[in-house]
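Undergrad: Structure below; questions to follow.
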Amino acid sequence: MARNVEFDEALAIQKAMEVFWKKGYNATSLRDLTDAMQINSSSLYNTIGDKQELFVRCVQHYTNIRKKDWDQRLASERSPLAVLTDYIHEAVSIIINGEDSCMAVKTAFEVATNDERVKQILAADDQRSNQFLYDLIKKAMDAGEIKNDEDPALLADYFNSTWTGWYESYILHKDSVKIKRMAAYFIKQLTK
């Protein structure tokens with residue numbers, strides 16, 4: 001009788017997340033996942049469950065990584081505007097140079113409309129993203145780096161929505177100059 005392979009579950013989730021991120025949920029086969037995780041399918045079923053359960057855990061893992069990144073940025077001793085500007089430039093770089101771009105955006109369009117658990121994870125991630133942006137913008141306003149005649153919650157929502165639009169625009173047009181110009185315009189509007 002074959003013995004189930006013991007494995008590092010956290011590392012296996014990371015490897016599976018990378019596959020889902022690259023290929024998307026629907027294009028990823030169970031074989032793709034078990035190969036990347038270096039386990040057999042019975043080990044997967046016995047420890048994590050089916051492909052759908054693994055995907056939910058991968059999306060949660062991805063959003064946890066994002067939360068940790070946002071918390072580190074908020075704890076920075078640097079100027080809040082500098083942190084925000086770097087974040088915007090990094091978002092642009094990921095959109096333009098990253099083959100896989102944002103897993104949350106990809107998942108929202110591919111899976112979240114039909115899967116309530118994934119939708120809830122992404123909704124919580126979106127709330128954290130908005131809170132992160134709100135906190136940075138508010139700190140920058142309090143420091144006099146951003147004009148304080150705007151609502152920081154509205155600016156956070158606007159940037160979150162705008163960023164998703166940049167991602168879609170780049171997928172459709174592959175125009176990096178356009179994305180960079182939009183980012184520069186957004187930063188300029190904040191600091192006018």
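By convention here, the chains of the structure tokens are called A, B, ... in the order presented, each chain's residues are numbered starting at 1, and ligands are numbered starting at 1 in the order presented.
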Running DSSP on the backbone, which parts of chain A land in helix (DSSP H, G or I), as JSON, numbers by chain?
TA: {"A": [9, 10, 11, 12, 13, 14, 15, 16, 17, 18, 19, 20, 21, 22, 23, 30, 31, 32, 33, 34, 35, 36, 37, 41, 42, 43, 44, 45, 46, 47, 51, 52, 53, 54, 55, 56, 57, 58, 59, 60, 61, 62, 63, 64, 65, 66, 67, 68, 69, 70, 71, 72, 73, 74, 80, 81, 82, 83, 84, 85, 86, 87, 88, 89, 90, 91, 92, 93, 94, 95, 96, 97, 103, 104, 105, 106, 107, 108, 109, 110, 111, 112, 116, 117, 118, 119, 120, 121, 122, 123, 124, 125, 126, 127, 128, 129, 130, 131, 132, 133, 134, 135, 136, 137, 138, 139, 140, 141, 142, 152, 153, 154, 155, 156, 157, 158, 159, 160, 161, 162, 163, 164, 165, 166, 167, 168, 169, 170, 171, 172, 173, 176, 177, 178, 179, 180, 181, 182, 183, 184, 185, 186, 187, 188, 189, 190, 191]}
Undergrad: Using only C-alpha atoms, tabulate the residues of range 84-128 of chain A lying at most 9 Å from any atom of range 49-69 of chain A, each with its closest atom pair and that distance in Å to one decimal, by chain and increasing residue number, as JSON lines.
TA:
{"residue": "A:Met103", "atom": "CA", "partner": "A:Tyr62", "partner_atom": "CA", "distance": 7.6}
{"residue": "A:Ala104", "atom": "CA", "partner": "A:Val59", "partner_atom": "CA", "distance": 7.6}
{"residue": "A:Thr107", "atom": "CA", "partner": "A:Val59", "partner_atom": "CA", "distance": 8.2}
{"residue": "A:Arg117", "atom": "CA", "partner": "A:Val56", "partner_atom": "CA", "distance": 7.2}
{"residue": "A:Val118", "atom": "CA", "partner": "A:Val56", "partner_atom": "CA", "distance": 6.1}
{"residue": "A:Ile121", "atom": "CA", "partner": "A:Gln60", "partner_atom": "CA", "distance": 6.4}
{"residue": "A:Leu122", "atom": "CA", "partner": "A:Thr63", "partner_atom": "CA", "distance": 7.6}
{"residue": "A:Ala124", "atom": "CA", "partner": "A:Thr63", "partner_atom": "CA", "distance": 8.8}
{"residue": "A:Asp125", "atom": "CA", "partner": "A:Thr63", "partner_atom": "CA", "distance": 6.0}
{"residue": "A:Arg128", "atom": "CA", "partner": "A:Lys67", "partner_atom": "CA", "distance": 7.1}
Undergrad: For Trp166 in chain A, please output as a list in words all residues within 9 Å (counting only C-alpha atoms; exclusion window: fewer than 5 positions along the same chain).
TA: Val92, Ile95, Ser161, Ile171, Lys178, Ile179, Met182 and Ala183 of chain A
Undergrad: Given the selection you just returned, output its residues as a file containing C-alpha atoms, formatted as a CSV table (one decimal), in the first residue's frame.
TA:
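Below is the file selection-v1.csv, written as the result:
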chain,number,residue,atom,x,y,z
A,92,VAL,CA,2.9,50.5,-12.1
A,95,ILE,CA,1.5,46.1,-14.0
A,161,SER,CA,-10.4,51.6,-8.4
A,171,ILE,CA,-3.7,44.0,-20.5
A,178,LYS,CA,0.0,55.6,-20.7
A,179,ILE,CA,0.1,53.8,-17.3
A,182,MET,CA,-1.7,58.2,-15.3
A,183,ALA,CA,0.3,57.4,-12.2
Undergrad: Pick out the residues sitting within 12 Å of Asp135 in chain A, and hand them over as a VMD selection string; count only C-alpha atoms, and ignore anything fewer than 5 positions along from it in its own chain.
TA: chain A and resid 70 to 71 73 to 75 80 to 81 83 to 84 128 to 130 140 to 142 151 to 153 155 to 156
Undergrad: Check the smallest atom-to-atom distance from each of A:Ala143, A:Met17, A:Ile96, A:Leu30 to His173 in chain A using only C-alpha atoms, then report the winner.
TA: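 Checking each of A:Ala143, A:Met17, A:Ile96, A:Leu30 against His173 in chain A, counting only C-alpha atoms, the winner is A:Ile96.
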Undergrad: Would you mind listing what lies within 12 Å of Ile187 in chain A as a list in words, with only C-alpha atoms counted and same-chain residues fewer than 4 positions away left out?
TA: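 After dropping sequence-adjacent residues, the list is Leu81, Ala82, Val83, Leu84, Thr85, Asp86, Tyr87, Ile88, His89, Ile137, Glu145, Ile146, Lys147, Leu155, Phe159, Lys180, Arg181, Met182, Ala183, Thr191 and Lys192 of chain A.
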Undergrad: Could you please determine the separation between CA of Asp32 in chain A and CA of Ala123 in chain A in Å, to one decimal place?
TA: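 Between CA of Asp32 in chain A and CA of Ala123 in chain A the gap is 27.6 Å.
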Undergrad: Pick from A:Ser76, A:Thr47, A:Ser169, A:Asn40: nearest to Lys139 in chain A, with only C-alpha atoms counted?
TA: A:Ser76
